[in-house]
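Listing of start-v8.cif, mmCIF, C-alpha atoms
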data_input
loop_
_atom_site.label_atom_id
_atom_site.label_comp_id
_atom_site.auth_asym_id
_atom_site.auth_seq_id
_atom_site.Cartn_x
_atom_site.Cartn_y
_atom_site.Cartn_z
CA MET A 1 -13.06 -16.54 7.80
CA LEU A 2 -10.60 -18.73 5.90
CA LEU A 3 -9.70 -15.87 3.55
CA SER A 4 -9.34 -13.46 6.49
CA LEU A 5 -7.07 -15.81 8.44
CA ILE A 6 -4.80 -16.28 5.41
CA SER A 7 -4.71 -12.51 4.91
CA VAL A 8 -3.60 -11.82 8.50
CA VAL A 9 -0.56 -14.10 8.08
CA GLU A 10 0.33 -12.91 4.61
CA ILE A 11 -0.19 -9.18 5.20
CA TYR A 12 2.22 -9.45 8.14
CA SER A 13 4.78 -10.96 5.78
CA ALA A 14 4.08 -8.78 2.72
CA THR A 15 4.30 -5.48 4.63
CA SER A 16 7.84 -6.15 5.87
CA SER A 17 9.16 -3.38 3.62
CA MET A 18 6.98 -0.88 5.49
CA VAL A 19 8.64 -1.57 8.85
CA ASN A 20 11.30 1.04 8.04
CA TYR A 21 8.58 3.72 8.11
CA SER A 22 6.99 2.58 11.37
CA ASP A 23 7.97 2.66 15.04
CA ASN A 24 6.61 -0.86 15.61
CA TYR A 25 6.95 -3.93 13.38
CA THR A 26 3.41 -5.03 14.31
CA THR A 27 1.76 -1.75 13.22
CA GLU A 28 0.56 -3.02 9.84
CA LEU A 29 -0.59 -6.35 11.30
CA VAL A 30 -2.63 -4.59 13.99
CA ARG A 31 -4.04 -2.17 11.43
CA HIS A 32 -5.17 -4.93 9.08
CA PHE A 33 -6.57 -7.07 11.90
CA SER A 34 -8.46 -4.02 13.24
CA PHE A 35 -10.16 -3.47 9.87
CA LEU A 36 -11.08 -7.16 9.63
CA ALA A 37 -12.48 -7.10 13.17
CA ALA A 38 -14.45 -3.92 12.47
CA GLY A 39 -15.74 -5.46 9.23
CA ALA A 40 -16.79 -8.62 11.08
CA ILE A 41 -18.74 -6.57 13.64
CA ILE A 42 -20.47 -4.60 10.86
CA ALA A 43 -21.27 -7.85 9.02
CA LEU A 44 -22.77 -9.31 12.21
CA PHE A 45 -24.81 -6.15 12.75
CA LEU A 46 -26.19 -6.24 9.19
CA HIS A 47 -26.82 -9.98 9.48
CA ARG A 48 -29.05 -9.40 12.50
CA MET A 49 -31.11 -6.68 10.79
CA ASP A 50 -34.21 -7.12 8.70
CA TYR A 51 -33.10 -6.96 5.06
CA LYS A 52 -35.65 -4.20 4.43
CA TRP A 53 -33.76 -1.97 6.86
CA THR A 54 -30.45 -2.76 5.17
CA ARG A 55 -32.04 -1.60 1.91
CA ALA A 56 -33.01 1.71 3.52
CA ILE A 57 -29.49 2.21 4.92
CA MET A 58 -27.85 1.40 1.59
CA TYR A 59 -30.16 3.86 -0.18
CA LEU A 60 -28.58 6.62 1.90
CA PHE A 61 -25.22 5.65 0.42
CA LEU A 62 -26.41 6.58 -3.09
CA PRO A 63 -26.62 10.40 -2.71
CA VAL A 64 -23.69 10.48 -0.27
CA SER A 65 -21.39 8.53 -2.60
CA PHE A 66 -22.54 10.70 -5.54
CA VAL A 67 -21.46 13.85 -3.66
CA MET A 68 -18.15 12.23 -2.69
CA LEU A 69 -17.43 11.18 -6.30
CA LEU A 70 -18.31 14.70 -7.42
CA LEU A 71 -15.74 16.06 -4.96
CA LEU A 72 -13.11 13.79 -6.51
CA ILE A 73 -13.89 15.25 -9.93
CA ILE A 74 -13.99 18.89 -8.76
CA GLN A 75 -11.01 18.46 -6.38
CA PRO A 76 -11.73 21.41 -4.07
CA LYS A 77 -9.13 22.89 -1.77
CA ASP A 78 -8.69 21.42 1.70
CA ILE A 79 -11.15 22.61 4.33
CA ASN A 80 -9.22 23.22 7.56
CA LEU A 81 -10.83 23.71 10.95
CA THR A 82 -7.48 24.64 12.51
CA GLU A 83 -3.92 24.82 11.25
CA ASN A 84 -3.29 21.17 12.18
CA PHE A 85 -6.77 19.73 11.72
CA THR A 86 -8.34 19.14 8.29
CA LEU A 87 -12.09 18.66 8.00
CA LEU A 88 -12.09 17.50 4.37
CA SER A 89 -9.41 16.89 1.79
CA VAL A 90 -9.13 15.12 -1.57
CA ILE A 91 -6.05 12.91 -1.84
CA SER A 92 -4.11 12.03 -4.99
CA GLU A 93 -1.57 9.20 -5.11
CA ARG A 94 0.16 7.37 -7.95
CA ASN A 95 -1.29 9.76 -10.53
CA ALA A 96 -4.87 9.01 -9.39
CA THR A 97 -7.39 10.91 -7.28
CA ARG A 98 -9.43 8.20 -5.55
CA TRP A 99 -9.42 9.04 -1.86
CA ILE A 100 -11.20 11.49 0.41
CA LYS A 101 -10.24 12.21 4.00
CA ILE A 102 -12.90 13.44 6.41
CA LEU A 103 -11.85 14.08 10.03
CA ASN A 104 -8.64 12.10 9.39
CA ILE A 105 -10.64 9.09 8.16
CA ARG A 106 -9.53 8.15 4.66
CA PHE A 107 -11.71 6.14 2.30
CA GLN A 108 -12.55 5.49 -1.36
CA PRO A 109 -16.01 6.80 -2.37
CA SER A 110 -16.09 4.33 -5.26
CA GLU A 111 -16.39 1.42 -2.80
CA PHE A 112 -19.51 2.93 -1.24
CA ALA A 113 -20.89 3.75 -4.68
CA LYS A 114 -20.58 0.11 -5.82
CA ILE A 115 -22.66 -1.29 -2.98
CA ALA A 116 -25.22 1.55 -3.20
CA VAL A 117 -25.75 1.08 -6.96
CA ILE A 118 -26.12 -2.71 -6.63
CA VAL A 119 -28.77 -2.31 -3.90
CA PHE A 120 -30.59 0.33 -5.98
CA LEU A 121 -30.62 -1.84 -9.12
CA ALA A 122 -31.77 -4.92 -7.17
CA ASP A 123 -34.66 -2.90 -5.75
CA LEU A 124 -35.54 -1.23 -9.06
CA PHE A 125 -35.47 -4.38 -11.20
CA SER A 126 -37.46 -6.45 -8.69
CA LYS A 127 -40.32 -4.05 -8.01
CA ASP A 128 -43.74 -4.24 -9.57
CA SER A 129 -43.94 -1.25 -11.92
CA GLN A 130 -47.39 -0.36 -10.60
CA LYS A 131 -46.03 -0.06 -7.04
CA SER A 132 -42.78 1.78 -7.74
CA PHE A 133 -42.97 5.51 -7.02
CA ALA A 134 -39.99 6.25 -9.30
CA ILE A 135 -41.44 4.31 -12.25
CA LYS A 136 -44.92 5.82 -11.80
CA SER A 137 -43.43 9.32 -11.61
CA ILE A 138 -41.45 8.87 -14.83
CA ALA A 139 -44.49 7.40 -16.59
CA ALA A 140 -46.55 10.40 -15.50
CA LEU A 141 -43.82 12.85 -16.56
CA PHE A 142 -43.71 11.44 -20.09
CA LYS A 143 -47.48 10.82 -20.14
CA MET A 144 -47.05 7.08 -20.70
CA GLU A 145 -49.63 4.45 -19.95
CA LEU A 146 -47.99 2.25 -17.32
CA THR A 147 -48.38 -1.17 -18.93
CA GLU A 148 -46.08 -4.09 -18.08
CA LYS A 149 -44.07 -3.46 -21.26
CA ALA A 150 -43.74 0.27 -20.54
CA GLY A 151 -42.71 -0.50 -16.94
CA ARG A 152 -39.90 -2.78 -18.08
CA LYS A 153 -38.71 -0.12 -20.52
CA ILE A 154 -38.65 2.54 -17.78
CA LYS A 155 -36.77 0.15 -15.48
CA PHE A 156 -34.11 -0.33 -18.15
CA TRP A 157 -33.57 3.36 -18.88
CA LEU A 158 -33.70 4.47 -15.23
CA GLY A 159 -31.32 1.68 -14.20
CA LEU A 160 -29.00 2.51 -17.10
CA ALA A 161 -29.01 6.21 -16.16
CA VAL A 162 -27.97 5.54 -12.54
CA LEU A 163 -25.51 2.80 -13.50
CA GLY A 164 -24.02 4.87 -16.32
CA VAL A 165 -23.58 8.05 -14.28
CA PHE A 166 -21.87 6.31 -11.35
CA SER A 167 -19.74 4.08 -13.60
CA LEU A 168 -18.51 7.07 -15.62
CA MET A 169 -17.76 9.10 -12.48
CA ILE A 170 -15.69 6.21 -11.11
CA THR A 171 -14.04 5.46 -14.46
CA LYS A 172 -12.49 8.91 -14.65
CA GLU A 173 -9.92 7.91 -12.00
CA ASN A 174 -10.38 4.15 -11.84
CA PHE A 175 -11.31 2.49 -15.13
CA SER A 176 -11.31 -1.11 -13.85
CA THR A 177 -13.65 -0.35 -10.93
CA GLY A 178 -16.06 1.55 -13.19
CA ALA A 179 -15.98 -1.30 -15.71
CA LEU A 180 -16.59 -3.90 -12.97
CA LEU A 181 -19.59 -1.98 -11.65
CA PHE A 182 -21.05 -1.60 -15.13
CA GLY A 183 -20.47 -5.29 -15.86
CA VAL A 184 -22.27 -6.41 -12.70
CA GLY A 185 -25.09 -3.95 -13.38
CA PHE A 186 -25.41 -5.31 -16.91
CA LEU A 187 -25.67 -8.86 -15.51
CA MET A 188 -28.38 -7.69 -13.10
CA MET A 189 -30.31 -6.30 -16.07
CA ILE A 190 -30.27 -9.76 -17.64
CA LEU A 191 -31.29 -11.45 -14.38
CA GLY A 192 -33.97 -8.78 -13.89
CA LYS A 193 -35.58 -9.92 -17.17
CA LEU A 194 -35.43 -6.52 -18.83
CA PRO A 195 -36.15 -6.25 -22.59
CA TRP A 196 -33.61 -8.28 -24.57
CA ARG A 197 -33.71 -5.79 -27.42
CA HIS A 198 -32.43 -3.07 -25.09
CA ILE A 199 -29.84 -5.32 -23.45
CA ILE A 200 -28.34 -6.46 -26.77
CA GLY A 201 -28.36 -2.87 -28.03
CA LEU A 202 -26.54 -1.73 -24.88
CA PHE A 203 -23.93 -4.50 -25.26
CA VAL A 204 -23.19 -3.59 -28.89
CA PHE A 205 -23.07 0.13 -28.05
CA GLY A 206 -20.71 -0.56 -25.12
CA ILE A 207 -18.24 -2.49 -27.29
CA ILE A 208 -18.24 0.21 -29.98
CA PHE A 209 -17.88 2.94 -27.32
CA LEU A 210 -14.85 1.22 -25.75
CA ILE A 211 -13.10 0.69 -29.09
CA ILE A 212 -13.64 4.28 -30.20
CA SER A 213 -12.59 5.64 -26.77
CA PHE A 214 -9.28 3.76 -26.74
CA VAL A 215 -8.53 4.70 -30.35
CA ILE A 216 -9.08 8.38 -29.47
CA ILE A 217 -7.01 8.10 -26.26
CA GLU A 218 -4.16 6.37 -28.10
CA ASN A 219 -3.97 9.10 -30.75
CA THR A 220 -4.50 12.12 -28.50
CA PRO A 221 -1.55 13.89 -26.79
CA LYS A 222 -1.35 13.52 -22.99
CA GLU A 223 -1.63 17.30 -22.48
CA THR A 224 -4.92 17.43 -24.42
CA LEU A 225 -6.38 14.54 -22.41
CA GLU A 226 -5.44 16.27 -19.16
CA LYS A 227 -7.09 19.49 -20.28
CA VAL A 228 -10.42 17.68 -20.80
CA GLY A 229 -10.09 15.93 -17.43
CA ILE A 230 -8.95 12.46 -18.57
CA LYS A 231 -5.64 12.34 -16.68
CA ARG A 232 -5.57 8.53 -16.56
CA GLY A 233 -6.11 8.04 -20.30
CA LYS A 234 -2.46 7.43 -21.18
CA THR A 235 -2.08 5.16 -18.13
CA TRP A 236 -4.83 2.87 -19.48
CA ASP A 237 -3.26 2.92 -22.94
CA LYS A 238 0.20 2.15 -21.55
CA ARG A 239 -1.07 -0.83 -19.53
CA ILE A 240 -2.57 -2.36 -22.67
CA ASP A 241 0.70 -1.77 -24.55
CA ASP A 242 2.67 -3.37 -21.69
CA PHE A 243 0.33 -6.36 -21.77
CA LYS A 244 0.88 -6.77 -25.51
CA LYS A 245 4.63 -6.54 -24.89
CA GLN A 246 4.45 -9.37 -22.34
CA ILE A 247 2.53 -11.59 -24.75
CA VAL A 248 4.95 -11.01 -27.63
CA ASN A 249 8.08 -11.50 -25.50
CA PRO A 250 7.16 -13.02 -22.11
CA PHE A 251 10.79 -13.47 -20.97
CA HIS A 252 11.90 -9.89 -21.58
CA ILE A 253 11.94 -7.63 -18.51
CA ASP A 254 12.13 -3.84 -18.60
CA ASP A 255 10.85 -1.01 -16.40
CA ASP A 256 7.34 -1.33 -17.85
CA THR A 257 6.96 -5.08 -17.27
CA ARG A 258 9.10 -5.51 -14.15
CA GLN A 259 6.25 -5.66 -11.62
CA ILE A 260 4.33 -8.43 -13.41
CA ALA A 261 7.62 -10.30 -14.06
CA HIS A 262 8.31 -10.39 -10.31
CA THR A 263 4.82 -11.74 -9.61
CA GLN A 264 5.56 -14.53 -12.09
CA MET A 265 8.83 -15.24 -10.30
CA ALA A 266 7.01 -15.39 -6.96
CA ILE A 267 4.47 -17.90 -8.30
CA SER A 268 7.27 -19.96 -9.86
CA ARG A 269 9.27 -20.04 -6.60
CA GLY A 270 6.25 -21.19 -4.61
CA GLY A 271 5.79 -24.50 -6.36
CA LEU A 272 3.11 -26.80 -4.99
CA PHE A 273 3.60 -26.26 -1.24
CA GLY A 274 5.43 -22.96 -0.93
CA ASN A 275 8.43 -21.85 1.14
CA LEU A 276 6.58 -21.18 4.44
CA PRO A 277 5.19 -17.80 5.64
CA GLY A 278 7.74 -15.01 5.90
CA SER A 279 10.16 -16.52 3.37
CA SER A 280 9.16 -14.47 0.33
CA ILE A 281 11.96 -12.88 -1.68
CA GLU A 282 9.75 -11.05 -4.17
CA ARG A 283 7.84 -9.10 -1.50
CA ASN A 284 10.85 -6.76 -1.24
CA LYS A 285 10.90 -6.21 -5.01
CA LEU A 286 7.19 -5.59 -5.57
CA PRO A 287 6.02 -2.05 -4.69
CA GLN A 288 2.46 -3.28 -3.96
CA ALA A 289 3.23 -6.74 -2.55
CA TYR A 290 0.61 -6.31 0.20
CA ASP A 291 -2.06 -4.94 -2.12
CA ASP A 292 -2.44 -5.75 -5.83
CA ALA A 293 0.23 -8.51 -5.78
CA ILE A 294 -0.77 -10.27 -2.53
CA PHE A 295 -1.90 -13.42 -4.39
CA ALA A 296 1.61 -13.88 -5.83
CA ILE A 297 3.15 -13.60 -2.35
CA ILE A 298 0.62 -16.10 -0.98
CA VAL A 299 1.53 -18.64 -3.68
CA GLU A 300 5.25 -18.02 -3.12
CA GLU A 301 4.98 -18.66 0.63
CA LEU A 302 2.09 -21.15 0.88
CA GLY A 303 2.19 -22.79 -2.54
CA LEU A 304 -0.10 -23.44 -5.46
CA VAL A 305 -2.27 -25.73 -3.29
CA VAL A 306 -3.31 -22.78 -1.08
CA GLY A 307 -3.66 -20.58 -4.18
CA ILE A 308 -6.16 -23.05 -5.64
CA LEU A 309 -7.91 -23.27 -2.25
CA ILE A 310 -8.38 -19.49 -2.33
CA ILE A 311 -9.87 -19.64 -5.85
CA LEU A 312 -12.20 -22.44 -4.71
CA SER A 313 -13.22 -20.33 -1.70
CA TYR A 314 -14.42 -17.55 -3.99
CA LEU A 315 -16.23 -20.07 -6.19
CA ILE A 316 -17.93 -21.56 -3.11
CA LEU A 317 -19.10 -18.06 -2.15
CA LEU A 318 -20.57 -17.68 -5.64
CA TYR A 319 -22.22 -21.12 -5.42
CA ARG A 320 -23.72 -20.31 -2.02
CA ALA A 321 -25.05 -17.01 -3.36
CA GLY A 322 -26.75 -18.99 -6.13
CA ILE A 323 -28.36 -21.28 -3.53
CA ILE A 324 -29.58 -18.24 -1.57
CA ALA A 325 -30.97 -16.67 -4.75
CA LYS A 326 -32.78 -19.90 -5.62
CA LYS A 327 -34.41 -20.06 -2.17
CA SER A 328 -35.21 -16.32 -2.04
CA GLU A 329 -38.72 -15.15 -1.21
CA ASN A 330 -38.65 -12.50 -3.94
CA ASP A 331 -36.61 -11.14 -6.86
CA TYR A 332 -35.06 -8.40 -4.71
CA GLN A 333 -33.36 -10.87 -2.40
CA ALA A 334 -32.11 -12.96 -5.33
CA LEU A 335 -30.73 -9.99 -7.28
CA LEU A 336 -29.14 -8.49 -4.16
CA ALA A 337 -27.34 -11.69 -3.13
CA LEU A 338 -26.11 -12.42 -6.63
CA GLY A 339 -25.15 -8.82 -7.42
CA LEU A 340 -23.00 -8.39 -4.30
CA ILE A 341 -21.22 -11.75 -4.44
CA VAL A 342 -20.66 -11.58 -8.22
CA MET A 343 -19.00 -8.18 -7.66
CA MET A 344 -16.71 -9.69 -5.01
CA VAL A 345 -15.83 -12.81 -7.00
CA LEU A 346 -15.37 -10.93 -10.27
CA GLN A 347 -13.01 -8.49 -8.56
CA ALA A 348 -11.06 -11.44 -7.15
CA PHE A 349 -10.70 -13.08 -10.55
CA VAL A 350 -9.63 -9.79 -12.14
CA ASN A 351 -6.86 -9.49 -9.53
CA ILE A 352 -5.77 -13.12 -10.00
CA GLY A 353 -6.01 -12.68 -13.79
CA VAL A 354 -3.53 -9.79 -13.62
CA ILE A 355 -1.11 -11.76 -11.43
CA SER A 356 -1.42 -14.76 -13.77
CA ARG A 357 -0.77 -12.51 -16.79
CA VAL A 358 -4.16 -13.26 -18.35
CA ILE A 359 -5.37 -9.62 -18.48
CA PRO A 360 -3.65 -6.18 -18.32
CA VAL A 361 -2.79 -4.56 -14.99
CA THR A 362 -5.85 -3.04 -13.33
CA GLY A 363 -4.96 -2.21 -9.71
CA GLN A 364 -7.86 -4.14 -8.18
CA PRO A 365 -7.25 -5.44 -4.61
CA LEU A 366 -7.98 -9.07 -3.74
CA PRO A 367 -11.19 -9.08 -1.62
CA LEU A 368 -10.60 -9.85 2.08
CA LEU A 369 -6.92 -10.64 1.39
CA SER A 370 -5.26 -7.41 0.25
CA ARG A 371 -4.23 -4.78 2.78
CA GLY A 372 -6.94 -2.19 2.84
CA GLY A 373 -9.32 -0.03 4.77
CA THR A 374 -12.45 0.89 2.83
CA SER A 375 -12.26 -2.22 0.65
CA VAL A 376 -12.11 -4.62 3.62
CA ILE A 377 -15.02 -2.90 5.39
CA ILE A 378 -17.19 -2.84 2.26
CA MET A 379 -16.49 -6.49 1.43
CA CYS A 380 -17.55 -7.43 4.96
CA MET A 381 -20.71 -5.42 4.38
CA TYR A 382 -21.35 -7.51 1.25
CA ILE A 383 -21.12 -10.66 3.36
CA GLY A 384 -23.32 -9.17 6.11
CA ILE A 385 -26.09 -8.16 3.70
CA VAL A 386 -26.08 -11.55 1.94
CA GLN A 387 -26.17 -13.25 5.36
CA CYS A 388 -29.10 -11.01 6.24
CA VAL A 389 -30.98 -12.27 3.18
CA ALA A 390 -30.07 -15.86 4.06
CA ALA A 391 -31.31 -15.36 7.65
CA SER A 392 -34.62 -14.01 6.35
CA ILE A 393 -35.06 -17.08 4.14
CA LYS A 394 -34.14 -19.39 7.03
CA LYS A 395 -36.61 -17.66 9.33
CA LYS A 396 -39.44 -18.11 6.83
CA GLU A 397 -38.50 -21.78 6.29
CA THR A 398 -38.61 -22.33 10.07
CA ILE A 399 -42.06 -20.71 10.33
CA LEU A 400 -43.40 -22.86 7.46
CA SER A 401 -41.89 -25.98 9.03
CA ASN A 402 -43.49 -25.21 12.40
CA ASP A 403 -46.86 -24.61 10.74
CA LYS A 404 -46.65 -27.99 9.01
CA ASN A 405 -45.75 -29.73 12.28
CA GLU A 406 -48.75 -28.13 14.01
CA GLU A 407 -51.04 -29.34 11.24
#
What is this structure when it is put down as structure tokens?
Amino acid sequence: MLLSLISVVEIYSATSSMVNYSDNYTTELVRHFSFLAAGAIIALFLHRMDYKWTRAIMYLFLPVSFVMLLLLIIQPKDINLTENFTLLSVISERNATRWIKILNIRFQPSEFAKIAVIVFLADLFSKDSQKSFAIKSIAALFKMELTEKAGRKIKFWLGLAVLGVFSLMITKENFSTGALLFGVGFLMMILGKLPWRHIIGLFVFGIIFLIISFVIIENTPKETLEKVGIKRGKTWDKRIDDFKKQIVNPFHIDDDTRQIAHTQMAISRGGLFGNLPGSSIERNKLPQAYDDAIFAIIVEELGLVVGILIILSYLILLYRAGIIAKKSENDYQALLALGLIVMMVLQAFVNIGVISRVIPVTGQPLPLLSRGGTSVIIMCMYIGIVQCVAASIKKKETILSNDKNEE
């Protein structure tokens, strides 16, 4: 709630440049508040459900998000019901194809894919191999005796297959989101107590794969990369080069480093206590002041004290997720709570890391603070599902307490 309240104030300020394209200066404020309100209602709905039902609902997201990501890759022509009404269209902006519009509702399939994959991995890694239909089917297909060791091996390879496919599909247009998903999935493998030999092997392979991929991208012409479907390859390479440029000469500003330079100016102007909401100068110079750069605008207007409070808020969320995991009735609840909140917090720190010039530009929004549609709704779903797990634990604790009192 604290993060959402700060976002309402700051989005109203940071979207001032968009007033010229709107009939009403409150349009963006109402839009953002509407998404937060809708997200809160969804979170409350999920909180009230049995966590087993939330698992079933999230499982439906897996095939749906796969189809949506496939559409982003194929990029079919628009499907029009009438001349003025489009049933389905794939949208490209800023040299990236990340959005799909269905019945005038626009969203990012990658956001749905993240939550679906995390729920799937939590369920897969927590299940007894002897009771899992998927694991038993694979064991039967390859004529394996389903021992505990064989079950853990199947869990690893099946989880890696799903995680790898979705991460690669997302990475094609959004490298940072694909990398975040793979990183959280890798952490869940460790927490799921999968074979260390496989985990270490995957880590080494991943590092080698990334190094080779960027070497190839750096030395391959842009036209060739586009022909093989890697349109964003040179964008990734350029962002790393720009980051190196900032490190070598942090006070030099050119067209490539201008955006990050203005975020640094915003943070510098804010000082400890800021210049009050609505007083930002840099919001009019940053093209994504209300999105990727919202943290810089918050610090400029509310100061470093509020910036640190925001960081602490995310850390408190992570700490509370750890408490929930510790009290969980089973491994599924623990992995689910940790997986979802780690994804949220890691995304937040990636965004803040970019603004603080610690890592290259990634384009990740700040959870519950950046202007957004799909992202805000999905983050609220994260909170709702984790609250659902917490409510289940609380309910069981109450039953056990009542039983003890009766005795």
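By chain and then residue number, the residues within 9 Å of A:Gln364 are Ser176, Thr177, Asp291, Asp292, Gln347, Ala348, Val350, Asn351 and Val354 of chain A, counting all atoms listed in the file and disregarding those fewer than 6 positions away in sequence.
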Spatial neighbours of A:Ile6, 10 Å, all atoms listed in the file, chain gap at least 4 places, as a list of chain:residue names
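Listed by chain and then number, they are A:Met1, A:Leu2, A:Glu10, A:Ile11, A:Ile298, A:Leu302, A:Val306, A:Ile310, A:Leu368, A:Leu369.
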Can you turn the PyMOL selection byres ((chain A and resi 30-36) around 9) into a concrete residue list for this file, as a list in words?
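That expression, the PyMOL selection byres ((chain A and resi 30-36) around 9), corresponds here to Ser4, Ser7, Val8, Ile11, Tyr12, Thr26, Thr27, Glu28, Leu29, Ala37, Ala38, Gly39, Ala40, Ile41, Leu368, Arg371, Gly372, Gly373, Thr374, Val376, Ile377 and Cys380 of chain A.
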Test item: residues at most 6 Å from A:Ala96, all atoms listed in the file, excluding those fewer than 3 positions along its chain, as a short mmCIF file (atom, residue, chain, number, x, y, z; two decimals) with C-alpha atoms, keeping the file's coordinate frame:
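The result, stored in part06.cif:
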data_model
loop_
_atom_site.label_atom_id
_atom_site.label_comp_id
_atom_site.auth_asym_id
_atom_site.auth_seq_id
_atom_site.Cartn_x
_atom_site.Cartn_y
_atom_site.Cartn_z
CA SER A 92 -4.11 12.03 -4.99
CA GLU A 93 -1.57 9.20 -5.11
CA GLU A 173 -9.92 7.91 -12.00
#
Which residue is closest to A:Gly206? Choose from A:Phe186, A:Ala261, A:Leu340, A:Ile324 and count only C-alpha atoms.
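Closest candidate: A:Phe186.
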Could you expand the PyMOL selection byres ((chain A and resi 240-249) around 10) into the explicit residues it covers here, written as a short mmCIF file (atom, residue, chain, number, x, y, z; two decimals) with C-alpha atoms, in the coordinates of the input?
data_model
loop_
_atom_site.label_atom_id
_atom_site.label_comp_id
_atom_site.auth_asym_id
_atom_site.auth_seq_id
_atom_site.Cartn_x
_atom_site.Cartn_y
_atom_site.Cartn_z
CA PHE A 214 -9.28 3.76 -26.74
CA LYS A 234 -2.46 7.43 -21.18
CA THR A 235 -2.08 5.16 -18.13
CA TRP A 236 -4.83 2.87 -19.48
CA ASP A 237 -3.26 2.92 -22.94
CA LYS A 238 0.20 2.15 -21.55
CA ARG A 239 -1.07 -0.83 -19.53
CA PRO A 250 7.16 -13.02 -22.11
CA PHE A 251 10.79 -13.47 -20.97
CA HIS A 252 11.90 -9.89 -21.58
CA ILE A 253 11.94 -7.63 -18.51
CA ASP A 254 12.13 -3.84 -18.60
CA ASP A 256 7.34 -1.33 -17.85
CA THR A 257 6.96 -5.08 -17.27
CA ILE A 260 4.33 -8.43 -13.41
CA ALA A 261 7.62 -10.30 -14.06
CA VAL A 354 -3.53 -9.79 -13.62
CA ARG A 357 -0.77 -12.51 -16.79
CA VAL A 358 -4.16 -13.26 -18.35
CA ILE A 359 -5.37 -9.62 -18.48
CA PRO A 360 -3.65 -6.18 -18.32
CA VAL A 361 -2.79 -4.56 -14.99
CA THR A 362 -5.85 -3.04 -13.33
#
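Picked out by the PyMOL selection byres ((chain A and resi 46-55) around 9) when it runs on this file: Ile41, Ile42, Ala43, Leu44, Phe45, Ala56, Ile57, Met58, Tyr59, Leu60, Val119, Phe120, Asp123, Gln333, Met381, Ile383, Gly384, Ile385, Val386, Gln387, Cys388, Val389, Ala390, Ala391 and Ser392 of chain A.
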Find the residues near A:Val345: any atom within 10 Å, counting only C-alpha atoms, skip ones fewer than 4 places away on the same chain, and give them as number ranges by chain.
A: 311, 313-318, 340-341, 349-351, 366-367
Provide the atom CA of A:Asn275 to atom CA of A:Met18 distance in Å, to one decimal place.
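Atom CA of A:Asn275 sits 21.5 Å away from atom CA of A:Met18.
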Around (-29.4, 1.4, -24.9) in the file's frame, which residues reach within 12 Å when counting all atoms listed in the file? Return as a list in words?
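I get Lys153, Ile154, Phe156, Trp157, Leu158, Gly159, Leu160, Ala161, Gly164, Phe186, Met189, Leu194, Pro195, Trp196, Arg197, His198, Ile199, Ile200, Gly201, Leu202, Phe203, Val204, Phe205, Gly206 and Phe209 of chain A for the residues within 12 Å of that point.
For the residues A:Val165, A:Leu336, A:Ala289, A:Leu400, ranking by smallest atom-to-atom distance to A:Tyr382 using all atoms listed in the file places A:Leu336 first.
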Nearest to A:Asn284: which of A:His262, A:Ile190, A:Ala116, A:Ile79 is it, counting only C-alpha atoms?
A:His262
Between atom CA of A:Val9 and atom CA of A:Gly363, what is the distance in Å, rounded to a tenth?
21.8 Å
